[in-house]
Every structure is written in structure tokens, then in C-alpha cells.
$ cat run-v8.txt   # compact mmCIF, C-alpha atoms
# COMPACT_ATOMS: atom_id res chain seq x y z
CA ASN X 224 0.00 0.00 0.00
CA VAL X 225 2.86 2.37 0.84
CA LEU X 226 4.50 1.60 -2.49
CA VAL X 227 1.28 2.27 -4.40
CA HIS X 228 0.77 5.63 -2.68
CA SER X 229 4.39 6.58 -3.36
CA LEU X 230 3.83 5.78 -7.03
CA MET X 231 0.73 7.97 -7.17
CA GLU X 232 2.54 10.88 -5.48
CA ALA X 233 5.36 10.59 -8.01
CA GLU X 234 2.90 10.61 -10.92
CA VAL X 235 1.08 13.67 -9.56
CA ALA X 236 4.37 15.52 -9.05
CA ALA X 237 5.34 14.81 -12.66
CA GLN X 238 1.93 15.92 -13.90
CA ILE X 239 1.83 19.26 -12.06
CA GLY X 240 5.58 19.94 -12.16
CA ALA X 241 6.20 20.10 -8.39
CA GLU X 242 6.57 17.89 -5.32
CA ARG X 243 4.34 18.35 -2.28
CA TYR X 244 4.82 21.81 -0.69
CA GLU X 245 7.38 22.67 -3.37
CA ARG X 246 7.27 26.15 -4.88
CA ASN X 247 8.76 26.71 -8.31
CA THR X 248 8.05 28.57 -11.56
CA GLU X 249 7.34 25.33 -13.47
CA ARG X 250 4.32 24.35 -11.36
CA THR X 251 1.17 24.08 -13.51
CA ASN X 252 -1.39 22.98 -10.92
CA GLN X 253 -1.96 22.35 -7.21
CA ARG X 254 -3.08 19.41 -5.11
CA ASN X 255 -6.54 19.56 -3.61
CA GLY X 256 -6.91 16.77 -1.05
CA TYR X 257 -7.72 13.12 -1.71
CA ARG X 258 -10.56 10.88 -2.76
CA HIS X 259 -11.08 7.34 -1.50
CA ARG X 260 -11.28 4.29 -3.75
CA GLU X 261 -11.03 0.55 -3.28
CA TRP X 262 -8.63 -1.35 -5.55
CA HIS X 263 -9.33 -5.07 -5.95
CA THR X 264 -6.19 -7.09 -6.54
CA ARG X 265 -5.26 -10.77 -6.52
CA VAL X 266 -3.98 -10.34 -2.95
CA GLY X 267 -7.12 -8.66 -1.68
CA THR X 268 -8.66 -5.19 -1.62
CA LEU X 269 -6.51 -2.09 -1.01
CA ASP X 270 -7.86 1.23 0.28
CA LEU X 271 -6.41 3.99 -1.86
CA ASN X 272 -6.29 7.71 -1.23
CA ILE X 273 -6.00 9.15 -4.74
CA PRO X 274 -4.68 12.74 -4.94
CA LYS X 275 -7.10 15.33 -6.33
CA LEU X 276 -6.10 18.42 -8.30
CA ARG X 277 -7.47 21.93 -8.17
CA LYS X 278 -7.72 22.04 -11.96
CA GLY X 279 -8.41 19.00 -14.08
CA SER X 280 -8.01 15.50 -12.73
CA TYR X 281 -5.48 12.79 -12.01
CA PHE X 282 -6.08 9.07 -12.52
CA PRO X 283 -3.41 6.57 -11.43
CA SER X 284 -1.83 4.60 -14.26
CA LEU X 285 -2.26 1.40 -12.27
CA LEU X 286 -6.04 1.99 -12.35
CA GLU X 287 -6.28 3.01 -15.98
CA PRO X 288 -9.37 1.60 -17.67
CA ARG X 289 -8.64 -1.75 -19.28
CA LYS X 290 -5.20 -1.93 -17.64
CA ARG X 291 -3.36 -5.22 -18.00
CA SER X 292 -4.54 -6.70 -14.70
CA GLU X 293 -8.15 -5.80 -15.47
CA LYS X 294 -7.85 -7.33 -18.91
CA ALA X 295 -6.53 -10.48 -17.28
CA LEU X 296 -9.60 -10.62 -15.03
CA LEU X 297 -11.92 -10.04 -17.97
CA SER X 298 -10.12 -12.81 -19.85
CA VAL X 299 -10.71 -15.18 -16.92
CA VAL X 300 -14.43 -14.36 -16.93
CA GLN X 301 -14.70 -14.71 -20.70
CA GLU X 302 -12.70 -17.94 -20.78
CA ALA X 303 -14.90 -19.41 -18.04
CA TYR X 304 -17.98 -18.39 -20.01
CA ILE X 305 -16.66 -20.01 -23.21
CA HIS X 306 -16.00 -23.25 -21.32
CA GLY X 307 -19.62 -23.32 -20.21
CA VAL X 308 -19.23 -22.14 -16.61
CA SER X 309 -22.53 -20.64 -15.42
CA THR X 310 -22.76 -16.96 -14.52
CA ARG X 311 -23.40 -17.92 -10.88
CA LYS X 312 -20.21 -19.97 -10.77
CA VAL X 313 -18.29 -17.13 -12.42
CA ASP X 314 -19.46 -14.92 -9.54
CA GLU X 315 -18.12 -17.49 -7.05
CA LEU X 316 -14.84 -17.72 -9.00
CA VAL X 317 -14.28 -13.97 -8.79
CA GLU X 318 -15.00 -13.96 -5.05
CA SER X 319 -12.46 -16.76 -4.59
CA LEU X 320 -9.86 -14.41 -6.07
CA GLY X 321 -10.42 -12.03 -3.17
CA MET X 322 -12.68 -9.62 -5.02
CA LYS X 323 -16.30 -8.71 -4.86
CA GLY X 324 -18.57 -10.93 -6.91
CA ILE X 325 -19.76 -10.09 -10.39
CA SER X 326 -23.49 -10.10 -11.10
CA LYS X 327 -25.04 -12.18 -13.86
CA SER X 328 -25.74 -9.05 -15.88
CA GLU X 329 -22.12 -7.93 -15.51
CA VAL X 330 -20.84 -11.30 -16.71
CA SER X 331 -23.16 -11.06 -19.70
CA ARG X 332 -21.93 -7.52 -20.43
CA ILE X 333 -18.28 -8.58 -20.26
CA CYS X 334 -18.90 -11.58 -22.48
CA LYS X 335 -20.71 -9.51 -25.10
CA GLU X 336 -17.27 -8.13 -25.91
CA LEU X 337 -16.52 -11.59 -27.28
CA ASP X 338 -18.98 -10.88 -30.10
CA ASP X 339 -16.54 -8.47 -31.75
CA VAL X 340 -13.71 -11.02 -31.42
CA VAL X 341 -15.86 -13.77 -32.92
CA MET X 342 -17.06 -11.55 -35.77
CA SER X 343 -13.51 -10.48 -36.57
CA PHE X 344 -12.44 -14.14 -36.72
CA LYS X 345 -15.51 -15.18 -38.70
CA GLU X 346 -15.06 -12.50 -41.38
CA ARG X 347 -11.26 -12.54 -41.63
CA PRO X 348 -9.71 -12.91 -45.10
CA LEU X 349 -8.63 -16.45 -45.98
CA GLU X 350 -5.08 -16.42 -47.29
CA GLY X 351 -3.21 -19.18 -49.05
CA GLN X 352 -4.63 -22.39 -50.47
CA PHE X 353 -6.66 -25.12 -48.77
CA PRO X 354 -6.43 -28.40 -50.73
CA TYR X 355 -8.73 -30.26 -48.33
CA VAL X 356 -11.98 -28.88 -46.90
CA TRP X 357 -14.43 -30.63 -44.54
CA LEU X 358 -18.07 -29.51 -44.36
CA ASP X 359 -20.69 -30.60 -41.86
CA ALA X 360 -23.55 -29.37 -39.69
CA THR X 361 -24.57 -29.77 -36.08
CA PHE X 362 -27.86 -28.78 -34.48
CA PRO X 363 -27.53 -26.90 -31.17
CA LYS X 364 -30.47 -25.73 -29.08
CA VAL X 365 -30.86 -21.96 -29.33
CA ARG X 366 -32.90 -19.72 -27.02
CA GLU X 367 -34.65 -17.12 -29.14
CA GLY X 368 -37.79 -15.09 -28.56
CA GLY X 369 -38.45 -16.74 -25.21
CA ARG X 370 -38.37 -20.31 -26.53
CA VAL X 371 -35.75 -22.95 -27.24
CA ARG X 372 -35.48 -24.52 -30.68
CA SER X 373 -33.02 -26.47 -32.77
CA MET X 374 -31.06 -24.58 -35.43
CA ALA X 375 -28.45 -25.63 -37.99
CA LEU X 376 -24.84 -24.63 -37.35
CA VAL X 377 -22.80 -25.32 -40.48
CA VAL X 378 -19.03 -25.46 -40.09
CA ALA X 379 -16.08 -25.68 -42.49
CA ILE X 380 -12.48 -26.53 -41.65
CA GLY X 381 -9.57 -26.74 -44.06
CA ILE X 382 -5.97 -27.83 -44.21
CA ARG X 383 -3.34 -25.56 -45.72
CA GLU X 384 -0.56 -26.82 -47.95
CA THR X 385 1.65 -26.55 -44.86
CA GLY X 386 -0.53 -29.11 -43.06
CA ASP X 387 -2.00 -26.59 -40.61
CA ARG X 388 -5.68 -27.11 -39.85
CA GLU X 389 -7.93 -24.07 -39.59
CA VAL X 390 -11.60 -23.31 -38.94
CA LEU X 391 -12.61 -21.53 -42.15
CA GLY X 392 -16.08 -20.40 -41.19
CA PHE X 393 -19.42 -21.16 -39.56
CA GLU X 394 -22.98 -19.94 -39.89
CA LEU X 395 -26.19 -20.40 -37.92
CA GLY X 396 -29.46 -20.81 -39.81
CA MET X 397 -32.99 -22.12 -39.58
CA SER X 398 -32.29 -25.26 -41.61
CA GLU X 399 -29.50 -27.11 -43.39
CA ASP X 400 -30.98 -26.73 -46.88
CA GLY X 401 -29.20 -26.36 -50.20
CA SER X 402 -29.62 -22.58 -50.45
CA PHE X 403 -28.09 -22.12 -46.99
CA TRP X 404 -25.06 -24.22 -47.94
CA LEU X 405 -24.77 -22.37 -51.26
CA GLU X 406 -24.67 -18.97 -49.55
CA PHE X 407 -22.22 -20.25 -46.94
CA LEU X 408 -19.76 -21.56 -49.55
CA ARG X 409 -20.04 -18.38 -51.61
CA LYS X 410 -19.09 -16.33 -48.55
CA LEU X 411 -16.02 -18.54 -47.99
CA VAL X 412 -14.93 -18.03 -51.60
CA ALA X 413 -15.55 -14.27 -51.32
CA ARG X 414 -13.25 -14.22 -48.28
CA GLY X 415 -10.48 -15.90 -50.27
CA LEU X 416 -11.03 -19.67 -50.11
CA ARG X 417 -9.17 -21.19 -53.05
CA GLY X 418 -7.15 -24.18 -54.14
CA VAL X 419 -9.72 -26.74 -52.94
CA GLN X 420 -8.96 -30.14 -54.46
CA LEU X 421 -11.15 -32.35 -52.25
CA ALA X 422 -14.32 -31.46 -50.33
CA ILE X 423 -15.36 -34.04 -47.72
CA SER X 424 -18.95 -34.20 -46.44
CA ASP X 425 -21.92 -36.49 -45.96
CA ALA X 426 -24.32 -37.18 -48.83
CA HIS X 427 -26.61 -34.19 -48.16
CA GLU X 428 -27.96 -33.50 -51.65
CA GLY X 429 -28.18 -29.72 -51.23
CA LEU X 430 -24.61 -29.57 -49.92
CA ARG X 431 -23.33 -31.73 -52.77
CA ARG X 432 -24.93 -29.45 -55.37
CA ALA X 433 -23.52 -26.38 -53.60
CA ILE X 434 -20.02 -27.90 -53.73
CA GLU X 435 -20.41 -28.54 -57.47
CA GLN X 436 -21.59 -24.97 -58.12
CA VAL X 437 -19.18 -23.04 -55.92
CA LEU X 438 -16.02 -25.15 -55.51
CA THR X 439 -15.53 -25.66 -59.22
CA GLY X 440 -12.87 -28.23 -60.02
CA ALA X 441 -12.93 -29.83 -56.57
CA THR X 442 -13.58 -33.56 -56.16
CA TRP X 443 -16.28 -34.62 -53.70
CA GLN X 444 -15.47 -37.30 -51.12
CA ARG X 445 -18.48 -38.92 -49.48
CA CYS X 446 -17.80 -39.43 -45.80
CA ARG X 447 -16.94 -43.10 -45.38
CA VAL X 448 -18.39 -43.26 -41.86
CA HIS X 449 -21.78 -41.87 -42.92
CA PHE X 450 -21.70 -44.11 -46.00
CA MET X 451 -21.21 -47.27 -43.92
CA ARG X 452 -24.18 -46.31 -41.75
CA ASN X 453 -26.33 -45.87 -44.87
CA VAL X 454 -25.31 -49.26 -46.28
CA LEU X 455 -25.76 -51.14 -43.00
CA SER X 456 -29.18 -49.60 -42.47
CA GLN X 457 -30.32 -51.87 -45.32
CA VAL X 458 -28.87 -55.00 -43.70
CA PRO X 459 -30.49 -57.04 -40.88
CA LYS X 460 -28.72 -56.54 -37.54
CA SER X 461 -27.73 -60.18 -37.40
CA SER X 462 -25.70 -59.77 -40.61
CA GLN X 463 -24.31 -56.25 -40.13
CA SER X 464 -21.02 -57.33 -38.58
CA MET X 465 -20.32 -59.75 -41.43
CA VAL X 466 -21.25 -57.28 -44.18
CA SER X 467 -19.24 -54.52 -42.53
CA SER X 468 -16.13 -56.73 -42.43
CA ILE X 469 -16.47 -57.62 -46.09
CA ILE X 470 -16.97 -54.00 -47.19
CA ARG X 471 -13.92 -52.89 -45.21
CA THR X 472 -11.76 -55.11 -47.41
CA ILE X 473 -12.44 -52.52 -50.14
CA PHE X 474 -10.82 -49.73 -48.12
CA ALA X 475 -7.87 -51.95 -47.19
CA GLN X 476 -6.67 -52.08 -50.80
CA PRO X 477 -3.34 -50.41 -51.64
CA SER X 478 -4.64 -48.33 -54.57
CA GLN X 479 -7.82 -46.82 -55.97
CA GLU X 480 -7.80 -49.22 -58.92
CA ALA X 481 -7.56 -52.25 -56.62
CA ALA X 482 -10.29 -50.84 -54.38
CA ILE X 483 -12.65 -50.42 -57.36
CA LEU X 484 -12.09 -54.05 -58.38
CA GLN X 485 -12.67 -55.25 -54.83
CA LEU X 486 -15.85 -53.15 -54.54
CA ARG X 487 -17.29 -54.76 -57.66
CA GLN X 488 -16.43 -58.22 -56.35
CA VAL X 489 -18.17 -57.46 -53.05
CA VAL X 490 -21.26 -56.25 -54.92
CA ASN X 491 -21.36 -59.47 -56.97
CA GLN X 492 -20.85 -61.56 -53.83
CA LEU X 493 -23.62 -59.95 -51.76
CA GLN X 494 -26.05 -58.63 -54.39
CA ARG X 495 -28.50 -61.50 -54.16
CA LYS X 496 -28.73 -61.49 -50.35
CA PHE X 497 -28.61 -57.73 -49.71
CA PRO X 498 -29.77 -56.01 -52.93
CA LYS X 499 -30.61 -52.58 -51.46
CA ALA X 500 -27.32 -52.32 -49.58
CA MET X 501 -25.33 -53.36 -52.64
CA ASP X 502 -27.17 -50.82 -54.82
CA ILE X 503 -25.99 -48.08 -52.44
CA LEU X 504 -22.45 -49.46 -52.52
CA GLU X 505 -22.37 -49.71 -56.31
CA GLN X 506 -23.74 -46.21 -56.89
CA ALA X 507 -21.20 -44.69 -54.44
CA GLU X 508 -18.15 -46.25 -56.11
CA SER X 509 -16.51 -43.03 -57.34
CA ASP X 510 -17.65 -40.87 -54.40
CA VAL X 511 -16.59 -43.07 -51.51
CA LEU X 512 -13.21 -43.93 -53.06
CA ALA X 513 -12.33 -40.41 -54.26
CA TYR X 514 -9.78 -39.93 -51.47
CA MET X 515 -7.59 -42.71 -52.88
CA ALA X 516 -6.55 -40.45 -55.77
CA PHE X 517 -4.59 -38.35 -53.28
CA PRO X 518 -1.32 -39.09 -51.44
CA LYS X 519 -1.62 -42.29 -49.41
CA GLU X 520 -0.25 -40.65 -46.26
CA HIS X 521 -3.32 -38.39 -46.27
CA TRP X 522 -5.93 -41.14 -46.60
CA ARG X 523 -6.58 -41.62 -42.90
CA GLN X 524 -7.60 -37.97 -42.49
CA ILE X 525 -9.49 -37.31 -45.72
CA HIS X 526 -11.74 -40.36 -46.10
CA SER X 527 -14.37 -39.06 -43.65
CA THR X 528 -15.59 -35.99 -41.76
CA ASN X 529 -14.17 -37.34 -38.47
CA PRO X 530 -11.82 -34.34 -38.02
CA LEU X 531 -14.88 -32.09 -38.13
CA GLU X 532 -16.98 -34.43 -36.00
CA ARG X 533 -14.55 -33.90 -33.12
CA LEU X 534 -15.01 -30.14 -33.47
CA ASN X 535 -18.79 -30.55 -33.57
CA ARG X 536 -18.71 -32.60 -30.35
CA GLU X 537 -16.75 -29.83 -28.66
CA ILE X 538 -19.27 -27.24 -29.90
CA ARG X 539 -22.13 -29.29 -28.50
CA ARG X 540 -20.32 -29.80 -25.19
CA ARG X 541 -19.70 -26.10 -24.69
CA ALA X 542 -23.19 -25.18 -25.86
CA ASP X 543 -24.64 -27.54 -23.25
$ encode --input "run-v8.txt" --output "C-alpha cells"
Amino acid sequence: NVLVHSLMEAEVAAQIGAERYERNTERTNQRNGYRHREWHTRVGTLDLNIPKLRKGSYFPSLLEPRKRSEKALLSVVQEAYIHGVSTRKVDELVESLGMKGISKSEVSRICKELDDVVMSFKERPLEGQFPYVWLDATFPKVREGGRVRSMALVVAIGIRETGDREVLGFELGMSEDGSFWLEFLRKLVARGLRGVQLAISDAHEGLRRAIEQVLTGATWQRCRVHFMRNVLSQVPKSSQSMVSSIIRTIFAQPSQEAAILQLRQVVNQLQRKFPKAMDILEQAESDVLAYMAFPKEHWRQIHSTNPLERLNREIRRRAD
């Protein structure tokens, strides 16, 4: 406390051009008593007597609005909010730091500042090329107009030529229809998305058409995980394990050409017993094996939307 008051006295002396009780021709102002203020720090609350001036005002640098320590506190509150900590628990967290609690409305006000950060990230220019892009949607519960309803949150992530993964964009809408996907992809391209060689997604028809229209020249990879679910949905449960094992021999092949041959053999082998499932498999030949035209060391990552599924799970966890 003594050190803090000494610092304030030094700052006032520099501002008015004279120490306490000092008379000189360079003095520009005079002291005029003190005002009391509490200063909340990590080690507790300090009672400060801040010098007042006869003309103008003095505000200690250590209390400047948005000073580093205050920003750190705001960051703690915002980070807790992002991780799904309730406003009541944020209040308890602040009190545990030796400060007065923060009301729910104050937490909400602080966290509204995140909107600008999110918007800046969401609308940033996309620089460089992204050979691989994953597209998917999740459906969080949103409170709007006094009621809770499900909305579509579409998300895109991409990998740069350097191998760095990046969230390219996201958008919240009423439904995951084709026009919504079309507008979303056009915005990505307008922000600089280019160099896409492979777009990985599920078999959503509207999304597939949007990829064809906007990401011209890109190959579409049908998510292998979603594809297997679609095929096995046409197989009795008692036979699903067997059919799944046989189909996986297709993806175990060392090349795209070998995989195509194996796929056709599997179709011939199982066509009579599981006609609907084999029709799906046959029609998806080029789409589900598209990833095999790319470097083999990339296959594990680009054959499905699993990299994006992990992100979607984290979004749902934090939303909850």
C-alpha cells in the first residue's frame, strides 16, 4: 500500500511539475486533497487515497481503464464463459480471487465483448490455399424469442498446404438446406477460399450441389463413416457385422484401382442377399473412393468428416 501511494505521489508531481509543498516557476497545478477508492487485486482489496487536483483531474496509471490486470480478469471471466461455466459460478470464482462478486448481468456484459472477437475471426480474409476442406452441420439448441429450438450450425475446416488445420467459417441458420449451404460456400470463396482439391462431407444433396456450383474443379469425397451407416441400415442386424467386415476389405486395398475391383467383387458376392445395400455401394463407387486419388499418407484424415466431427462434439459440449 505504501509503495502504491508513493507511485501515485510521483505521478502527480510529474503531472503538475512540483513535489508536495514545493514552490517553483514550473508548477502548472496544485493538489486539492484526496478521494477514496477501493482497488481489488489478486492479494485482496486495497484502500487507496487518490490525490485530487485543483484544476483537471489525475487518474493513477495502475487503475487506468482496461489496464493489463483488469484485462486479465476479464479474460478469466470470458474464458470461463466459453467453457460453459454458469454466470453464478463465475461470480463465485471472482469472489475466490479475493474480489467482490460479479453479477449475472455484468458477466453477460463482459462476455458480449466476445462478439466483436468472434465476428472479426468469422469474417477474416482467408489467405493461401486449402487443398482439403471438410463440411458438416450440427444442431444446437438456441434460445430465441423466449423459446428454445433447434437450429443448424454449419461449419467448415480446411488444411493448408503446410498441413495446418484451420476453422474456415461457420454460420447459424434455420435449416441445413441447399440454399443455406450455397450462400455459406459463396461467402467462404468471397473471403479468399481457393485451391480446394477435395471437399469431404456427408451425402446431403443440397450440400453436394452447392459444392459442385461453388467449388468448381474440386472432387467430392463422401464421408466413409456416414456411408457405412447408410449401407448397413439396409442389412439385418444379425448380418451387419459380417457385411461390414467384407466391405472394409475394399478400403484396405493399396490403390484406388484395386479398391474399385474389390468393390465390384463385393457387390457381386452380396447382391443377391442384400440387394438394397449393394445398390448403395455400387452407386457410391466413385464418391466413396475419391480420397484414394490423393497421397496415401493423407488417406486416414481425408476419407471421412471425423476431423470435423470432433469439433462438432466440442461445440455441443460447450453449448450444453
$ residues_around --input "run-v8.txt" --residues "Gly418 of chain X" --least-positions-apart "3" --cutoff "7 Å" --atoms "all atoms listed in the file" --output "PyMOL selection string"
chain X and resi 352-354
$ atom_distance --input "run-v8.txt" --atom1 "atom CA of Thr268 of chain X" --atom2 "atom CA of Lys312 of chain X"
20.9 Å
$ closest_residue --input "run-v8.txt" --among "X:Thr248, X:Gln238, X:Asn491, X:Ser343" --to "Gly392 of chain X" --atoms "all atoms listed in the file"
X:Ser343
$ closest_residue --input "run-v8.txt" --among "X:Leu512, X:Ser402, X:Asp502, X:Val458" --to "Leu484 of chain X" --atoms "all atoms listed in the file"
X:Leu512
$ residues_near_point --input "run-v8.txt" --point "(-23.0, -31.4, -52.4)" --cutoff "10 Å" --atoms "only C-alpha atoms" --output "ChimeraX atom specification"
/X:358,401,404-405,422-438,443-445
